[in-house]
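S.K.: Attaching a single structure in structure tokens format; questions to follow.
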Amino acid sequence: MIRLLVRRLLTGLATVFFIVTATFLAVHWVPGDPLLQDKGQAPEVRAQLIHEYGLDQPLGVQYGVYLRKLARGDFGISFTQQNRSVNDIIREHFPVSATLGLLALALATLGGILLGSISALRRGRAADQATRLAVILGISVPSFVFAAILQYGVSELNQRAGMTVLPVGGWGTAAHLLLPSLVLGLGTLAFLTRLMRSSLLEVITQDHVRTARAKGLSERQVFWSHQLRNALLPVITTLGPAVAALTTGGFVVESVFAIPGLGRYFVQAVQQLDYTVILGLTVFYGTFLVLMVVAIDLVYAWVDPRIRWEHHG
Amino acid sequence: MADALIPMPHEDFAPLSRQTLAPRAQRPSLSYWQDAWIRLRRNRQAWASLWILFALLLFTVAGPWLWTLDPSEQTLSRVSEPPSWHKEALVLPPPAPYREELRSGWPEAPATAVDPQTLAAPANFAFIEAPSIQGVRLRWDPVPGASGYLVYRVPERQPADSSALGIPVGEIQGGNHVSFEDTFNLKAGTYWYSVVARNGDESPRFSGLRAELVDGIPLESARQESASAQPGQRVRLQSHPLGTDSLGRDLLARLIRGARVSLFIGLLAPFLAGALGILVGGLAGYHGGRVDQLLMRFTDFVMALPFLLFMILIQVACGMEAGDSGIPVMLLALVALSWTSMARLVRGQVLQLRQADYVQAARLLGARPMTLLLRHLLPNTLGVVLVSLTFAIPQAIFTEAFLSFIGLGVVPPTPSWGSLCNDGIQTFLTSPHEFVFPALLISLTVLAFNLLGDGLRDALDPRLRSHP
């Protein structure tokens, strides 16, 4: 297990390094001048700024400086808001995105496992048909369409009720979380339901399940300890990419629901060509995702003994 | 013993023809693709999806010839119009110049302080001339003690009390100014107008008036539709079967135009990415060893990049000049980031097939590496590749829609389904059709590709071949 952890972490580190390099090059390849926001700048001020941001040095040196700072966990200072560091921005806005993402993930995972199981166990019946229809719709309708429909429905509801039953946008209370996390989670929910269904259908026909039944276990025991556990494996492997989809999918949801999360901040930074923020947020997200994938790998190894043994040999 | 010879006719020793003895096959044998096609046709969902996609293709390719309206032409008198086929409108006479009514001999403001709560409701609240959507002209009698008036407007419902008067459309200074013309964003239908006297604060008493606005178009715009239009006539207006957007552009024409952009990106990007993926995966799988290690490590790295973030980053990095549509850059970004899954898939397949007997046989017969790869290995991965491609297409359409929706994709004025959605959602509450139609088209396209992908996967899966 330790060896597996070390190996995964090393690959993860290499990946992060690759992401940093690719992002750094991409950002410095961008045409235009990030410091030209203020047109009436005196040349001395401009020269001072260029010097302070290290833009007068060769690219290699800048890269070295950036890596050294990054190793200390310093993402630099925003170009457009010169009194704010990228670390501050992350500290302020990431919890919002993370809360939303985790809630959506929980919703998608639990819902997906539940619906997928029901669909597989009731194969061919009404519940199965309904779930499959819902899944294909969930996969085919973009989340911003769901968001619009939900917002419209809920605002109608609020109007009918004459009070705010559920807020349709903004941030602050727990009630604000419900709609956006629902919208954010729906796509993943549909995907996981589908995966769970097909995986459970495959497990159901296997010999060990028949054995379990033959030795007299109740249907409930067969399901919980023989079918579900094995059917969950493919679901767990896709959780890594699912986390990725949820954190970056937040872009749309955050802008539709007016939520002050990191995704919205990233979009804004791109529009303002705020290079340090773009760079910092990409590296931050990339690292976060890599760590998530490593974590999921470990969970997978913990759940599936075969993988642990493979790496012991 | 009569050793009589049994007669043996010569014909008995003639060889039989081969034909008669050969067993007849019951059914003609089917090739892999013929079988897949038959099974696809049996799948009702997949077959319907194929037809939907065919219709969409027709919509995209033939659309501009069948519906020749210019998607960028703005008609500002007809903004955010709901879908309608046959539309006529009354040609309105050009309005007479409006002159404000001043009550002579009436003071501008009362000489002494007046409590606004005691102000009466203005009497004789009436129209100066018949209201039309070109303008509603109102007049009323002056109220003693008033220093000005406020005119409110609310659509449809008659206001029950002074808190439900609607939006203030006019603020008139001076107690002797007793008329107002409302021209603000008038639509055909019923409005309730109210006028309130004020002196500092407003009086709680108001006079109400119901205005029934008939739809019509100003003479000037009518002349654009038909040169001989006269006031009082009804003219047939350009029909907009799917309505117009917030700038008065025909939505159907824009959707057709947007389909070209969205489907162009949605189809071409997966094909190019697929080709790149097949190349990388094929090479890695065929060569194995070092090359495989190197290529696959690189693939892993690219796969680990946060997709949407890098989509945006690449687009920014490529820069955009004024007049660019953003389509080539988006294509490039999509291809650069989405070839990886195809590469992995093809590599796995090739690795498996490389050991197959028929490949060994081909190698023994002296097939060159390129022949081996192109004739024996890659064609046999085609089924999986095709399935993966049908699932990559909706993904690409989605990505384009997402990015255009948050304003980082295709740049206006070029319409794409995503940017049409983005435009439409701004006015979703007042004119939902602007959002609903593009959203419906995206969903329908993606749904059709998903169902087709499902059907193809079932049809091409060799494990399912024997029992359809």
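For the structure tokens, the naming scheme is as follows: chains receive sequential letters (A, B, ...) according to their order of presentation, residues are indexed from 1 within each chain, and ligands are indexed from 1 in presentation order.
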From a backbone DSSP assignment, name each residue in stretch 169-240 of chain B labelled strand (DSSP E or B), as a count of residues only.

M.R.: 41

S.K.: Would you mind listing what lies within 8 Å of stretch 5-13 of chain A as a list in words, with only C-alpha atoms counted and same-chain residues fewer than 3 positions away left out?

M.R.: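 In the requested form, the answer reads Met1, Ile2, Val16, Phe17, Val290, Leu291, Val294 and Leu298 of chain A.
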
S.K.: Give one line per residue of chain A that approaches chain B to at most 6 Å, naming the two atoms of the closest pair and their distance in Å to one decimal, counting only C-alpha atoms; sort by chain then ascending residue number and deliver it as JSON lines.

M.R.:
{"residue": "A:Thr15", "atom": "CA", "partner": "B:Phe301", "partner_atom": "CA", "distance": 5.7}
{"residue": "A:Ala26", "atom": "CA", "partner": "B:Ala317", "partner_atom": "CA", "distance": 5.7}
{"residue": "A:Trp29", "atom": "CA", "partner": "B:Ala317", "partner_atom": "CA", "distance": 5.8}
{"residue": "A:Val30", "atom": "CA", "partner": "B:Ala317", "partner_atom": "CA", "distance": 4.2}
{"residue": "A:Ser140", "atom": "CA", "partner": "B:Leu447", "partner_atom": "CA", "distance": 4.9}
{"residue": "A:Val141", "atom": "CA", "partner": "B:Ser443", "partner_atom": "CA", "distance": 4.8}
{"residue": "A:Gly286", "atom": "CA", "partner": "B:Pro306", "partner_atom": "CA", "distance": 5.9}

S.K.: Hey, what's within 12 Å of stretch 372-378 of chain B if we count only C-alpha atoms and toss same-chain stuff fewer than 4 positions away? As a CSV table (one decimal) with N, CA, C and O atoms, in the first residue's frame, please?

M.R.:
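Generated output (result_17.csv):
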chain,number,residue,atom,x,y,z
B,275,ALA,N,-8.5,11.2,-35.5
B,275,ALA,CA,-7.4,10.8,-36.4
B,275,ALA,C,-6.1,10.9,-35.7
B,275,ALA,O,-5.2,10.0,-35.8
B,277,GLY,N,-5.6,10.7,-32.5
B,277,GLY,CA,-5.6,9.6,-31.5
B,277,GLY,C,-5.3,8.3,-32.1
B,277,GLY,O,-4.5,7.5,-31.5
B,278,ILE,N,-5.8,8.0,-33.3
B,278,ILE,CA,-5.6,6.7,-33.9
B,278,ILE,C,-4.1,6.7,-34.3
B,278,ILE,O,-3.4,5.6,-34.1
B,279,LEU,N,-3.6,7.8,-34.8
B,279,LEU,CA,-2.2,7.8,-35.2
B,279,LEU,C,-1.3,7.5,-34.0
B,279,LEU,O,-0.4,6.6,-34.0
B,280,VAL,N,-1.5,8.3,-32.9
B,280,VAL,CA,-0.6,8.1,-31.7
B,280,VAL,C,-0.8,6.7,-31.1
B,280,VAL,O,0.1,6.0,-30.8
B,281,GLY,N,-2.1,6.3,-30.9
B,281,GLY,CA,-2.4,5.0,-30.3
B,281,GLY,C,-1.9,3.9,-31.2
B,281,GLY,O,-1.3,2.9,-30.7
B,282,GLY,N,-2.1,4.0,-32.5
B,282,GLY,CA,-1.6,2.9,-33.4
B,282,GLY,C,-0.1,2.8,-33.3
B,282,GLY,O,0.4,1.6,-33.2
B,283,LEU,N,0.6,3.9,-33.4
B,283,LEU,CA,2.1,3.8,-33.3
B,283,LEU,C,2.5,3.2,-32.0
B,283,LEU,O,3.4,2.3,-32.0
B,284,ALA,N,1.9,3.7,-30.9
B,284,ALA,CA,2.3,3.2,-29.6
B,284,ALA,C,2.0,1.7,-29.5
B,284,ALA,O,2.9,0.9,-29.0
B,285,GLY,N,0.9,1.3,-29.9
B,285,GLY,CA,0.5,-0.1,-29.8
B,285,GLY,C,1.3,-1.0,-30.7
B,285,GLY,O,1.7,-2.1,-30.3
B,286,TYR,N,1.6,-0.5,-31.9
B,286,TYR,CA,2.3,-1.3,-32.8
B,286,TYR,C,3.8,-1.5,-32.4
B,286,TYR,O,4.3,-2.6,-32.4
B,287,HIS,N,4.4,-0.4,-32.0
B,287,HIS,CA,5.8,-0.4,-31.7
B,287,HIS,C,6.1,-1.0,-30.4
B,287,HIS,O,7.1,-1.8,-30.2
B,345,LEU,N,-7.6,4.1,-26.4
B,345,LEU,CA,-8.4,3.0,-26.9
B,345,LEU,C,-7.8,2.2,-28.0
B,345,LEU,O,-7.7,1.0,-28.0
B,346,VAL,N,-7.3,3.0,-29.0
B,346,VAL,CA,-6.7,2.3,-30.1
B,346,VAL,C,-5.4,1.5,-29.7
B,346,VAL,O,-5.2,0.4,-30.2
B,347,ARG,N,-4.6,2.1,-28.8
B,347,ARG,CA,-3.4,1.4,-28.4
B,347,ARG,C,-3.8,0.1,-27.8
B,347,ARG,O,-3.2,-1.0,-28.1
B,348,GLY,N,-4.8,0.1,-26.9
B,348,GLY,CA,-5.2,-1.2,-26.2
B,348,GLY,C,-5.7,-2.2,-27.3
B,348,GLY,O,-5.3,-3.4,-27.2
B,349,GLN,N,-6.4,-1.7,-28.2
B,349,GLN,CA,-6.9,-2.7,-29.3
B,349,GLN,C,-5.8,-3.2,-30.1
B,349,GLN,O,-5.7,-4.4,-30.3
B,350,VAL,N,-4.9,-2.3,-30.5
B,350,VAL,CA,-3.7,-2.8,-31.3
B,350,VAL,C,-2.9,-3.8,-30.6
B,350,VAL,O,-2.4,-4.8,-31.1
B,351,LEU,N,-2.6,-3.5,-29.3
B,351,LEU,CA,-1.8,-4.4,-28.5
B,351,LEU,C,-2.4,-5.8,-28.5
B,351,LEU,O,-1.7,-6.8,-28.5
B,352,GLN,N,-3.8,-5.8,-28.4
B,352,GLN,CA,-4.4,-7.1,-28.3
B,352,GLN,C,-4.4,-7.8,-29.7
B,352,GLN,O,-4.0,-9.0,-29.8
B,353,LEU,N,-4.6,-7.0,-30.7
B,353,LEU,CA,-4.7,-7.6,-32.1
B,353,LEU,C,-3.3,-8.1,-32.6
B,353,LEU,O,-3.2,-9.0,-33.4
B,354,ARG,N,-2.3,-7.4,-32.1
B,354,ARG,CA,-1.0,-7.7,-32.6
B,354,ARG,C,-0.6,-9.2,-32.4
B,354,ARG,O,0.1,-9.8,-33.1
B,355,GLN,N,-1.2,-9.8,-31.3
B,355,GLN,CA,-0.9,-11.2,-31.0
B,355,GLN,C,-1.8,-12.1,-31.8
B,355,GLN,O,-1.6,-13.3,-31.7
B,356,ALA,N,-2.8,-11.6,-32.4
B,356,ALA,CA,-3.8,-12.4,-33.1
B,356,ALA,C,-3.1,-13.3,-34.2
B,356,ALA,O,-2.1,-12.8,-34.8
B,357,ASP,N,-3.7,-14.5,-34.4
B,357,ASP,CA,-3.0,-15.4,-35.4
B,357,ASP,C,-3.0,-14.8,-36.8
B,357,ASP,O,-2.0,-15.0,-37.5
B,358,TYR,N,-4.0,-14.1,-37.2
B,358,TYR,CA,-4.0,-13.7,-38.6
B,358,TYR,C,-3.0,-12.6,-38.8
B,358,TYR,O,-2.4,-12.5,-39.9
B,359,VAL,N,-2.6,-11.8,-37.8
B,359,VAL,CA,-1.6,-10.8,-37.9
B,359,VAL,C,-0.2,-11.5,-38.0
B,359,VAL,O,0.6,-11.2,-38.8
B,360,GLN,N,-0.1,-12.5,-37.1
B,360,GLN,CA,1.2,-13.3,-37.2
B,360,GLN,C,1.4,-13.9,-38.6
B,360,GLN,O,2.5,-13.9,-39.1
B,361,ALA,N,0.3,-14.4,-39.1
B,361,ALA,CA,0.3,-15.1,-40.4
B,361,ALA,C,0.7,-14.0,-41.5
B,361,ALA,O,1.6,-14.3,-42.3
B,362,ALA,N,0.1,-12.9,-41.4
B,362,ALA,CA,0.5,-11.8,-42.3
B,362,ALA,C,1.9,-11.4,-42.2
B,362,ALA,O,2.6,-11.2,-43.2
B,363,ARG,N,2.4,-11.4,-41.0
B,363,ARG,CA,3.8,-11.1,-40.8
B,363,ARG,C,4.7,-12.2,-41.4
B,363,ARG,O,5.7,-11.9,-42.1
B,364,LEU,N,4.3,-13.4,-41.2
B,364,LEU,CA,5.1,-14.5,-41.8
B,364,LEU,C,5.1,-14.4,-43.3
B,364,LEU,O,6.1,-14.8,-43.9
B,365,LEU,N,4.0,-14.0,-43.9
B,365,LEU,CA,4.0,-13.9,-45.3
B,365,LEU,C,4.7,-12.7,-45.8
B,365,LEU,O,4.8,-12.4,-47.0
B,366,GLY,N,5.3,-11.9,-44.9
B,366,GLY,CA,6.2,-10.9,-45.3
B,366,GLY,C,5.6,-9.5,-45.5
B,366,GLY,O,6.1,-8.7,-46.2
B,367,ALA,N,4.5,-9.3,-44.8
B,367,ALA,CA,3.8,-8.0,-44.9
B,367,ALA,C,4.7,-6.9,-44.2
B,367,ALA,O,5.3,-7.2,-43.2
B,368,ARG,N,4.8,-5.8,-44.8
B,368,ARG,CA,5.6,-4.7,-44.3
B,368,ARG,C,4.8,-4.1,-43.1
B,368,ARG,O,3.6,-4.1,-43.0
B,382,LEU,N,-11.9,-0.4,-36.1
B,382,LEU,CA,-12.8,0.6,-36.6
B,382,LEU,C,-14.1,0.6,-35.8
B,382,LEU,O,-14.7,1.7,-35.5
B,383,GLY,N,-14.6,-0.6,-35.4
B,383,GLY,CA,-15.9,-0.6,-34.7
B,383,GLY,C,-15.8,0.2,-33.4
B,383,GLY,O,-16.6,1.1,-33.2
B,384,VAL,N,-14.8,-0.1,-32.6
B,384,VAL,CA,-14.7,0.6,-31.3
B,384,VAL,C,-14.4,2.1,-31.6
B,384,VAL,O,-15.0,2.9,-30.9
B,385,VAL,N,-13.7,2.4,-32.6
B,385,VAL,CA,-13.4,3.8,-32.9
B,385,VAL,C,-14.6,4.5,-33.3
B,385,VAL,O,-14.9,5.6,-32.8
B,386,LEU,N,-15.4,3.9,-34.1
B,386,LEU,CA,-16.7,4.5,-34.5
B,386,LEU,C,-17.6,4.8,-33.3
B,386,LEU,O,-18.2,5.9,-33.2

S.K.: Leaving out A:Tyr63 and any residue of its chain fewer than 5 positions from it, which residues lie within 10 Å of it when counting only C-alpha atoms, given as a count of residues only?

M.R.: 8

S.K.: Given only C-alpha atoms as the basis, pick out the residue of B:Ile393, B:Gly216, B:Trp106, B:Ser29 nearest to B:Leu268.

M.R.: B:Ile393
